[in-house]
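Take a look at the structure set out below.
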Amino acid sequence: QVHVVESGGGSVQPGGSLRLSCTASKNTFSIHSMGWYRQAPGKERELVASIIRDDTRTYGDSVKGRFTISMDLGKNTMYLQMTNLKSEDTGVYYCKVRAGAILNDYWGQGTQVTIST
């Protein structure tokens, strides 16, 4: 079992920045990839960004050029640096960790991000 904890959410004005963190309890050798997903009210959960342990990164189209994902395997931690935030970035951000021999997915409880004036 992998315990996943997100932190760093909050409320900022448009154009502001936030940094999210996600820490997994699993030993680093078994982590295959980590990713951030978000869900806005009334919408389906969508991929924001993901990173594989070989540093391959994928971004959703709406965040390219504004968000940066990174991973510190030594700390079992993933980060999402969000800049130039827009109102449409508002939502609950969830961390997903893919780990283990059969690549199970483990989700955190989510952290709220609100962009408003």
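By order of appearance in the structure tokens: chains A, B, ..., then residues from 1 within every chain, and ligands from 1 in the order shown.
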
Near segment 76-86 of chain A, 8 Å: segment 6-67 of chain A residue rows, closest pairs, only C-alpha atoms, as a tab-separated table:
residue	atom	partner	partner_atom	distance
A:Gln13	CA	A:Leu85	CA	7.7
A:Pro14	CA	A:Lys86	CA	5.0
A:Gly15	CA	A:Asn84	CA	4.1
A:Gly16	CA	A:Leu85	CA	5.4
A:Ser17	CA	A:Thr83	CA	4.4
A:Leu18	CA	A:Met82	CA	5.2
A:Arg19	CA	A:Gln81	CA	4.5
A:Leu20	CA	A:Leu80	CA	5.0
A:Ser21	CA	A:Tyr79	CA	4.6
A:Cys22	CA	A:Met78	CA	5.1
A:Thr23	CA	A:Thr77	CA	4.3
A:Ala24	CA	A:Asn76	CA	5.4
A:Ser25	CA	A:Asn76	CA	7.0
A:Lys26	CA	A:Asn76	CA	7.4
A:Asn27	CA	A:Asn76	CA	7.3
A:Thr28	CA	A:Asn76	CA	5.9
A:Met34	CA	A:Met78	CA	7.0
A:Trp36	CA	A:Leu80	CA	7.8
A:Arg66	CA	A:Thr83	CA	5.3
A:Phe67	CA	A:Met82	CA	4.5

Subject >> Every residue of chain A that DSSP places in helix (DSSP H, G or I), as a VMD selection string >> reply: chain A and resid 28 to 30 61 to 63 73 to 75 87 to 89

Subject >> Atom pair atom CA of Lys75 of chain A / atom CA of Val92 of chain A: separation (Å) >> reply: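 So the two atoms, atom CA of Lys75 of chain A and atom CA of Val92 of chain A, lie 23.6 Å apart.
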
Subject >> In chain A, DSSP strand (DSSP E or B) residues written as a PyMOL selection string >> reply: chain A and resi 4-7+10-12+18-24+31-39+46-52+57-59+67-72+77-82+91-99+104-107+111-115

Original post:
Pick the closest to Ser50 of chain A from A:Ile69, A:Val12, A:Ile31, A:Val2: which is it, counting only C-alpha atoms?
Top reply: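 Closest to Ser50 of chain A of all the choices is A:Ile69.
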
**OP:** To one decimal in Å, tell me the separation between atom CA of Asp105 of chain A and atom CA of Gly91 of chain A.
**Re:**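 Atom-to-atom, atom CA of Asp105 of chain A and atom CA of Gly91 of chain A are spaced 21.0 Å apart.
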
**OP:** Have a look at A:His3, A:Ser30, A:Ser70, A:Gly9 and name the one nearest to Ile102 of chain A; count only C-alpha atoms.
**Re:** A:Ser30

**OP:** Identify which of the residues A:Arg45, A:Arg53, A:Arg38, A:Arg98 lies closest to Gly74 of chain A, counting only C-alpha atoms when measuring atom-to-atom distances.
**Re:** A:Arg53

Original post:
With only C-alpha atoms as the atoms that count, which of A:His32, A:Tyr59, A:Ser87, A:Gly10 lies nearest to Thr117 of chain A?
Top reply: A:Ser87

Original post:
Counting only C-alpha atoms, which of A:Ser33, A:Thr56, A:Ser7, A:Tyr93 gets nearest to Val113 of chain A?
Top reply: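 Ranked by minimum distance to Val113 of chain A, first place goes to A:Tyr93.
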
Original post:
Of the residues A:Leu73, A:Cys95, A:Gln109, A:Val48, which is the one nearest to Asp61 of chain A, using only C-alpha atoms?
Top reply: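 Checking each candidate against Asp61 of chain A, we get A:Val48 as the closest.
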